[in-house]
file protein-v2.txt (compact mmCIF, C-alpha atoms)
# COMPACT_ATOMS: atom_id res chain seq x y z
CA MET Z 1 30.76 90.36 -49.32
CA PHE Z 2 31.19 86.66 -49.68
CA LEU Z 3 31.13 85.09 -53.15
CA VAL Z 4 30.34 81.43 -53.67
CA THR Z 5 31.09 79.67 -56.90
CA LYS Z 6 29.19 76.73 -58.41
CA HIS Z 7 31.77 74.23 -57.27
CA GLN Z 8 31.71 75.45 -53.72
CA ILE Z 9 27.93 75.13 -53.39
CA SER Z 10 28.11 71.36 -53.25
CA PHE Z 11 30.53 71.53 -50.32
CA LEU Z 12 28.47 73.85 -48.19
CA PRO Z 13 27.19 72.19 -45.02
CA LEU Z 14 23.58 71.09 -45.24
CA ARG Z 15 21.48 72.69 -42.59
CA SER Z 16 18.01 71.62 -41.78
CA SER Z 17 16.07 74.75 -42.37
CA PRO Z 18 12.29 75.03 -42.08
CA THR Z 19 11.97 75.33 -45.85
CA ARG Z 20 14.05 72.19 -46.39
CA LYS Z 21 11.85 70.29 -43.92
CA SER Z 22 8.69 71.53 -45.56
CA ARG Z 23 10.04 70.54 -48.98
CA LYS Z 24 10.86 67.10 -47.63
CA ARG Z 25 7.36 66.72 -46.16
CA LYS Z 26 5.85 67.93 -49.42
CA LEU Z 27 7.93 65.40 -51.35
CA GLN Z 28 6.81 62.61 -49.01
CA ARG Z 29 3.16 63.66 -49.36
CA THR Z 30 3.55 63.74 -53.13
CA LYS Z 31 5.07 60.25 -53.18
CA GLN Z 32 2.33 58.94 -50.90
CA ALA Z 33 -0.36 60.53 -53.06
CA GLU Z 34 1.24 59.01 -56.15
CA GLN Z 35 1.27 55.56 -54.54
CA GLU Z 36 -2.37 55.93 -53.48
CA ALA Z 37 -3.33 57.05 -56.96
CA GLN Z 38 -1.48 54.10 -58.49
CA ALA Z 39 -3.25 51.71 -56.11
CA GLU Z 40 -6.59 53.27 -57.02
CA VAL Z 41 -5.83 52.91 -60.74
CA GLU Z 42 -4.93 49.24 -60.25
CA LYS Z 43 -8.13 48.68 -58.29
CA TYR Z 44 -10.16 50.32 -61.06
CA LYS Z 45 -8.41 48.21 -63.73
CA GLN Z 46 -9.17 45.01 -61.83
CA LYS Z 47 -12.80 46.04 -61.43
CA ALA Z 48 -13.07 46.89 -65.14
CA ASN Z 49 -11.46 43.55 -66.11
CA LYS Z 50 -13.88 41.68 -63.85
CA ILE Z 51 -16.87 43.48 -65.36
CA SER Z 52 -15.57 42.75 -68.85
CA LYS Z 53 -15.09 39.05 -68.10
CA ASP Z 54 -18.53 38.82 -66.50
CA SER Z 55 -20.21 40.47 -69.46
CA ASN Z 56 -18.33 38.18 -71.88
CA ASN Z 57 -19.45 35.15 -69.87
CA ASN Z 58 -23.04 36.40 -69.87
CA ILE Z 59 -22.92 36.96 -73.62
CA SER Z 60 -21.55 33.47 -74.28
CA GLU Z 61 -24.16 31.94 -71.95
CA THR Z 62 -26.89 33.89 -73.72
CA ARG Z 63 -25.64 32.65 -77.08
CA LYS Z 64 -25.62 29.07 -75.80
CA THR Z 65 -29.19 29.34 -74.50
CA LEU Z 66 -30.32 30.90 -77.77
CA ARG Z 67 -28.73 28.07 -79.73
CA ALA Z 68 -30.41 25.53 -77.47
CA ARG Z 69 -33.78 27.26 -77.93
CA VAL Z 70 -33.35 27.25 -81.69
CA VAL Z 71 -32.46 23.55 -81.70
CA VAL Z 72 -35.45 22.69 -79.50
CA THR Z 73 -37.77 24.83 -81.60
CA LEU Z 74 -36.58 23.12 -84.79
CA ARG Z 75 -37.05 19.67 -83.24
CA ILE Z 76 -40.58 20.53 -82.09
CA LYS Z 77 -41.41 21.90 -85.52
CA GLY Z 78 -40.14 18.68 -87.14
CA MET Z 79 -42.18 16.57 -84.72
CA LYS Z 80 -45.33 18.60 -85.46
CA GLN Z 81 -44.80 18.12 -89.19
CA SER Z 82 -44.27 14.39 -88.67
CA VAL Z 83 -47.46 14.13 -86.61
CA ALA Z 84 -49.44 16.09 -89.20
CA SER Z 85 -48.21 13.93 -92.07
CA ASN Z 86 -48.72 10.57 -90.30
CA LYS Z 87 -51.89 11.38 -88.37
CA GLN Z 88 -54.36 10.03 -90.93
CA ALA Z 89 -52.39 6.83 -91.48
CA VAL Z 90 -52.18 6.13 -87.75
CA ILE Z 91 -55.92 6.76 -87.25
CA ALA Z 92 -56.74 4.43 -90.14
CA HIS Z 93 -54.46 1.71 -88.72
CA LEU Z 94 -56.04 2.05 -85.25
CA LEU Z 95 -59.54 1.86 -86.71
CA GLN Z 96 -58.57 -1.26 -88.66
CA LEU Z 97 -57.25 -2.89 -85.49
CA VAL Z 98 -60.35 -1.98 -83.49
CA CYS Z 99 -62.96 -2.68 -86.12
CA GLY Z 100 -61.31 -5.58 -87.90
CA ILE Z 101 -62.31 -8.39 -85.57
CA LYS Z 102 -60.85 -11.79 -86.34
CA GLN Z 103 -62.30 -14.84 -84.69
CA GLU Z 104 -59.54 -16.94 -83.23
CA LEU Z 105 -59.45 -19.70 -80.71
CA HIS Z 106 -57.10 -19.11 -77.83
CA TYR Z 107 -54.99 -22.19 -77.07
CA ASN Z 108 -55.06 -21.72 -73.30

call {"tool": "encode", "arguments": {"input": "protein-v2.txt", "output": "C-alpha cells"}}
result
Amino acid sequence: MFLVTKHQISFLPLRSSPTRKSRKRKLQRTKQAEQEAQAEVEKYKQKANKISKDSNNNISETRKTLRARVVVTLRIKGMKQSVASNKQAVIAHLLQLVCGIKQELHYN
C-alpha cells in the first residue's frame, strides 16, 4: 500500500481526468451565469433609475402646471371682482358720454 502525506499531495502530477474537466466546465458555467446575472441586475437598476427620474420629472411638471392654474385662477377671480365693482361706474360714464350732448362748432 502506498501512503501519501499532505506535503506530497501538492507535488503529485496533475492529470486531466473526466471529473476535473467536468468541474472546470461547471466552474466556467457558474462564472458565466454570475456575469449574466450581474448584467441583468445592472440592466434592472438602470431601468428602475430611469423610471424614477421620469416619475420625478412628471411630478415636478404636474406641480408646475398646478401652480400656473392656481395663478391664472386667482388672476381671473381678481379681474371678475374688479369688473363687478367698477361695472356701474363705467355704465354711468358711458351713458353720460352718449346722452350728454354738447353743441360745439368744429373748426374744420

call {"tool": "atom_distance", "arguments": {"input": "protein-v2.txt", "atom1": "atom CA of Z:Lys80", "atom2": "atom CA of Z:Val98"}}
result
25.6 Å

call {"tool": "axis_aligned_box", "arguments": {"input": "protein-v2.txt", "around": "stretch 54-62 of chain Z", "padding_each_side": "6 Å", "output": "JSON"}}
result
{"center_x": -22.6, "center_y": 36.2, "center_z": -70.4, "size_x": 20.6, "size_y": 20.5, "size_z": 19.8}

call {"tool": "closest_atom_pairs", "arguments": {"input": "protein-v2.txt", "of": "stretch 74-97 of chain Z", "to": "stretch 64-70 of chain Z", "cutoff": "10 Å", "atoms": "all atoms listed in the file", "output": "JSON lines"}}
result
{"residue": "Z:Leu74", "atom": "CA", "partner": "Z:Val70", "partner_atom": "CA", "distance": 6.1}
{"residue": "Z:Arg75", "atom": "CA", "partner": "Z:Val70", "partner_atom": "CA", "distance": 8.6}
{"residue": "Z:Ile76", "atom": "CA", "partner": "Z:Val70", "partner_atom": "CA", "distance": 9.9}

call {"tool": "atom_distance", "arguments": {"input": "protein-v2.txt", "atom1": "atom CA of Z:Ile91", "atom2": "atom CA of Z:Glu104"}}
result
24.3 Å

call {"tool": "atom_distance", "arguments": {"input": "protein-v2.txt", "atom1": "atom CA of Z:Val90", "atom2": "atom CA of Z:Gly78"}}
result
17.4 Å

call {"tool": "decode", "arguments": {"input": "protein-v2.txt", "residues": "stretch 76-87 of chain Z", "atoms": "all heavy atoms", "output": "PDB file, in the first residue's frame"}}
result
ATOM      1  N   ILE Z  76     -57.974  85.597 -12.727  1.00  0.00           N
ATOM      2  CA  ILE Z  76     -59.324  85.697 -13.288  1.00  0.00           C
ATOM      3  C   ILE Z  76     -60.309  86.123 -12.200  1.00  0.00           C
ATOM      4  O   ILE Z  76     -61.189  86.955 -12.439  1.00  0.00           O
ATOM      5  CB  ILE Z  76     -59.742  84.357 -13.942  1.00  0.00           C
ATOM      6  CG1 ILE Z  76     -58.925  84.124 -15.216  1.00  0.00           C
ATOM      7  CG2 ILE Z  76     -61.228  84.328 -14.238  1.00  0.00           C
ATOM      8  CD1 ILE Z  76     -59.127  82.774 -15.858  1.00  0.00           C
ATOM      9  N   LYS Z  77     -60.166  85.550 -11.026  1.00  0.00           N
ATOM     10  CA  LYS Z  77     -61.041  85.914  -9.914  1.00  0.00           C
ATOM     11  C   LYS Z  77     -60.897  87.400  -9.581  1.00  0.00           C
ATOM     12  O   LYS Z  77     -61.893  88.108  -9.376  1.00  0.00           O
ATOM     13  CB  LYS Z  77     -60.702  85.063  -8.700  1.00  0.00           C
ATOM     14  CG  LYS Z  77     -61.655  85.209  -7.553  1.00  0.00           C
ATOM     15  CD  LYS Z  77     -61.291  84.253  -6.425  1.00  0.00           C
ATOM     16  CE  LYS Z  77     -62.239  84.420  -5.258  1.00  0.00           C
ATOM     17  NZ  LYS Z  77     -61.894  83.514  -4.152  1.00  0.00           N
ATOM     18  N   GLY Z  78     -59.673  87.896  -9.545  1.00  0.00           N
ATOM     19  CA  GLY Z  78     -59.426  89.318  -9.294  1.00  0.00           C
ATOM     20  C   GLY Z  78     -60.034  90.195 -10.370  1.00  0.00           C
ATOM     21  O   GLY Z  78     -60.617  91.253 -10.080  1.00  0.00           O
ATOM     22  N   MET Z  79     -59.914  89.768 -11.630  1.00  0.00           N
ATOM     23  CA  MET Z  79     -60.489  90.536 -12.737  1.00  0.00           C
ATOM     24  C   MET Z  79     -62.013  90.573 -12.630  1.00  0.00           C
ATOM     25  O   MET Z  79     -62.639  91.615 -12.864  1.00  0.00           O
ATOM     26  CB  MET Z  79     -60.074  89.939 -14.081  1.00  0.00           C
ATOM     27  CG  MET Z  79     -58.642  90.173 -14.449  1.00  0.00           C
ATOM     28  SD  MET Z  79     -58.312  89.377 -16.031  1.00  0.00           S
ATOM     29  CE  MET Z  79     -56.559  89.605 -16.144  1.00  0.00           C
ATOM     30  N   LYS Z  80     -62.623  89.444 -12.288  1.00  0.00           N
ATOM     31  CA  LYS Z  80     -64.082  89.401 -12.134  1.00  0.00           C
ATOM     32  C   LYS Z  80     -64.537  90.324 -11.013  1.00  0.00           C
ATOM     33  O   LYS Z  80     -65.549  91.026 -11.152  1.00  0.00           O
ATOM     34  CB  LYS Z  80     -64.549  87.970 -11.860  1.00  0.00           C
ATOM     35  CG  LYS Z  80     -64.518  87.085 -13.079  1.00  0.00           C
ATOM     36  CD  LYS Z  80     -65.032  85.685 -12.768  1.00  0.00           C
ATOM     37  CE  LYS Z  80     -65.001  84.815 -14.011  1.00  0.00           C
ATOM     38  NZ  LYS Z  80     -65.491  83.458 -13.731  1.00  0.00           N
ATOM     39  N   GLN Z  81     -63.794  90.347  -9.924  1.00  0.00           N
ATOM     40  CA  GLN Z  81     -64.145  91.247  -8.819  1.00  0.00           C
ATOM     41  C   GLN Z  81     -64.004  92.706  -9.238  1.00  0.00           C
ATOM     42  O   GLN Z  81     -64.839  93.545  -8.902  1.00  0.00           O
ATOM     43  CB  GLN Z  81     -63.270  90.957  -7.591  1.00  0.00           C
ATOM     44  CG  GLN Z  81     -63.597  89.669  -6.888  1.00  0.00           C
ATOM     45  CD  GLN Z  81     -62.624  89.358  -5.755  1.00  0.00           C
ATOM     46  OE1 GLN Z  81     -61.585  90.008  -5.610  1.00  0.00           O
ATOM     47  NE2 GLN Z  81     -62.972  88.344  -4.948  1.00  0.00           N
ATOM     48  N   SER Z  82     -62.953  93.002 -10.001  1.00  0.00           N
ATOM     49  CA  SER Z  82     -62.738  94.364 -10.477  1.00  0.00           C
ATOM     50  C   SER Z  82     -63.868  94.781 -11.411  1.00  0.00           C
ATOM     51  O   SER Z  82     -64.372  95.912 -11.329  1.00  0.00           O
ATOM     52  CB  SER Z  82     -61.391  94.454 -11.187  1.00  0.00           C
ATOM     53  OG  SER Z  82     -61.207  95.721 -11.751  1.00  0.00           O
ATOM     54  N   VAL Z  83     -64.273  93.899 -12.303  1.00  0.00           N
ATOM     55  CA  VAL Z  83     -65.370  94.195 -13.223  1.00  0.00           C
ATOM     56  C   VAL Z  83     -66.657  94.429 -12.439  1.00  0.00           C
ATOM     57  O   VAL Z  83     -67.410  95.374 -12.707  1.00  0.00           O
ATOM     58  CB  VAL Z  83     -65.545  93.050 -14.252  1.00  0.00           C
ATOM     59  CG1 VAL Z  83     -66.863  93.172 -14.994  1.00  0.00           C
ATOM     60  CG2 VAL Z  83     -64.390  93.042 -15.234  1.00  0.00           C
ATOM     61  N   ALA Z  84     -66.922  93.558 -11.469  1.00  0.00           N
ATOM     62  CA  ALA Z  84     -68.157  93.690 -10.693  1.00  0.00           C
ATOM     63  C   ALA Z  84     -68.188  95.008  -9.913  1.00  0.00           C
ATOM     64  O   ALA Z  84     -69.247  95.653  -9.813  1.00  0.00           O
ATOM     65  CB  ALA Z  84     -68.295  92.504  -9.740  1.00  0.00           C
ATOM     66  N   SER Z  85     -67.050  95.417  -9.373  1.00  0.00           N
ATOM     67  CA  SER Z  85     -67.037  96.640  -8.569  1.00  0.00           C
ATOM     68  C   SER Z  85     -67.078  97.902  -9.423  1.00  0.00           C
ATOM     69  O   SER Z  85     -67.614  98.932  -9.002  1.00  0.00           O
ATOM     70  CB  SER Z  85     -65.817  96.659  -7.651  1.00  0.00           C
ATOM     71  OG  SER Z  85     -64.634  96.744  -8.419  1.00  0.00           O
ATOM     72  N   ASN Z  86     -66.545  97.857 -10.634  1.00  0.00           N
ATOM     73  CA  ASN Z  86     -66.478  99.051 -11.488  1.00  0.00           C
ATOM     74  C   ASN Z  86     -67.551  99.087 -12.569  1.00  0.00           C
ATOM     75  O   ASN Z  86     -67.620 100.048 -13.339  1.00  0.00           O
ATOM     76  CB  ASN Z  86     -65.107  99.167 -12.143  1.00  0.00           C
ATOM     77  CG  ASN Z  86     -64.009  99.379 -11.140  1.00  0.00           C
ATOM     78  OD1 ASN Z  86     -64.215 100.058 -10.137  1.00  0.00           O
ATOM     79  ND2 ASN Z  86     -62.850  98.804 -11.396  1.00  0.00           N
ATOM     80  N   LYS Z  87     -68.382  98.076 -12.649  1.00  0.00           N
ATOM     81  CA  LYS Z  87     -69.348  97.964 -13.734  1.00  0.00           C
ATOM     82  C   LYS Z  87     -70.322  99.139 -13.742  1.00  0.00           C
ATOM     83  O   LYS Z  87     -70.559  99.772 -14.782  1.00  0.00           O
ATOM     84  CB  LYS Z  87     -70.102  96.642 -13.593  1.00  0.00           C
ATOM     85  CG  LYS Z  87     -71.018  96.307 -14.716  1.00  0.00           C
ATOM     86  CD  LYS Z  87     -71.594  94.914 -14.501  1.00  0.00           C
ATOM     87  CE  LYS Z  87     -72.421  94.484 -15.684  1.00  0.00           C
ATOM     88  NZ  LYS Z  87     -72.950  93.123 -15.486  1.00  0.00           N
TER      89      LYS Z  87
END
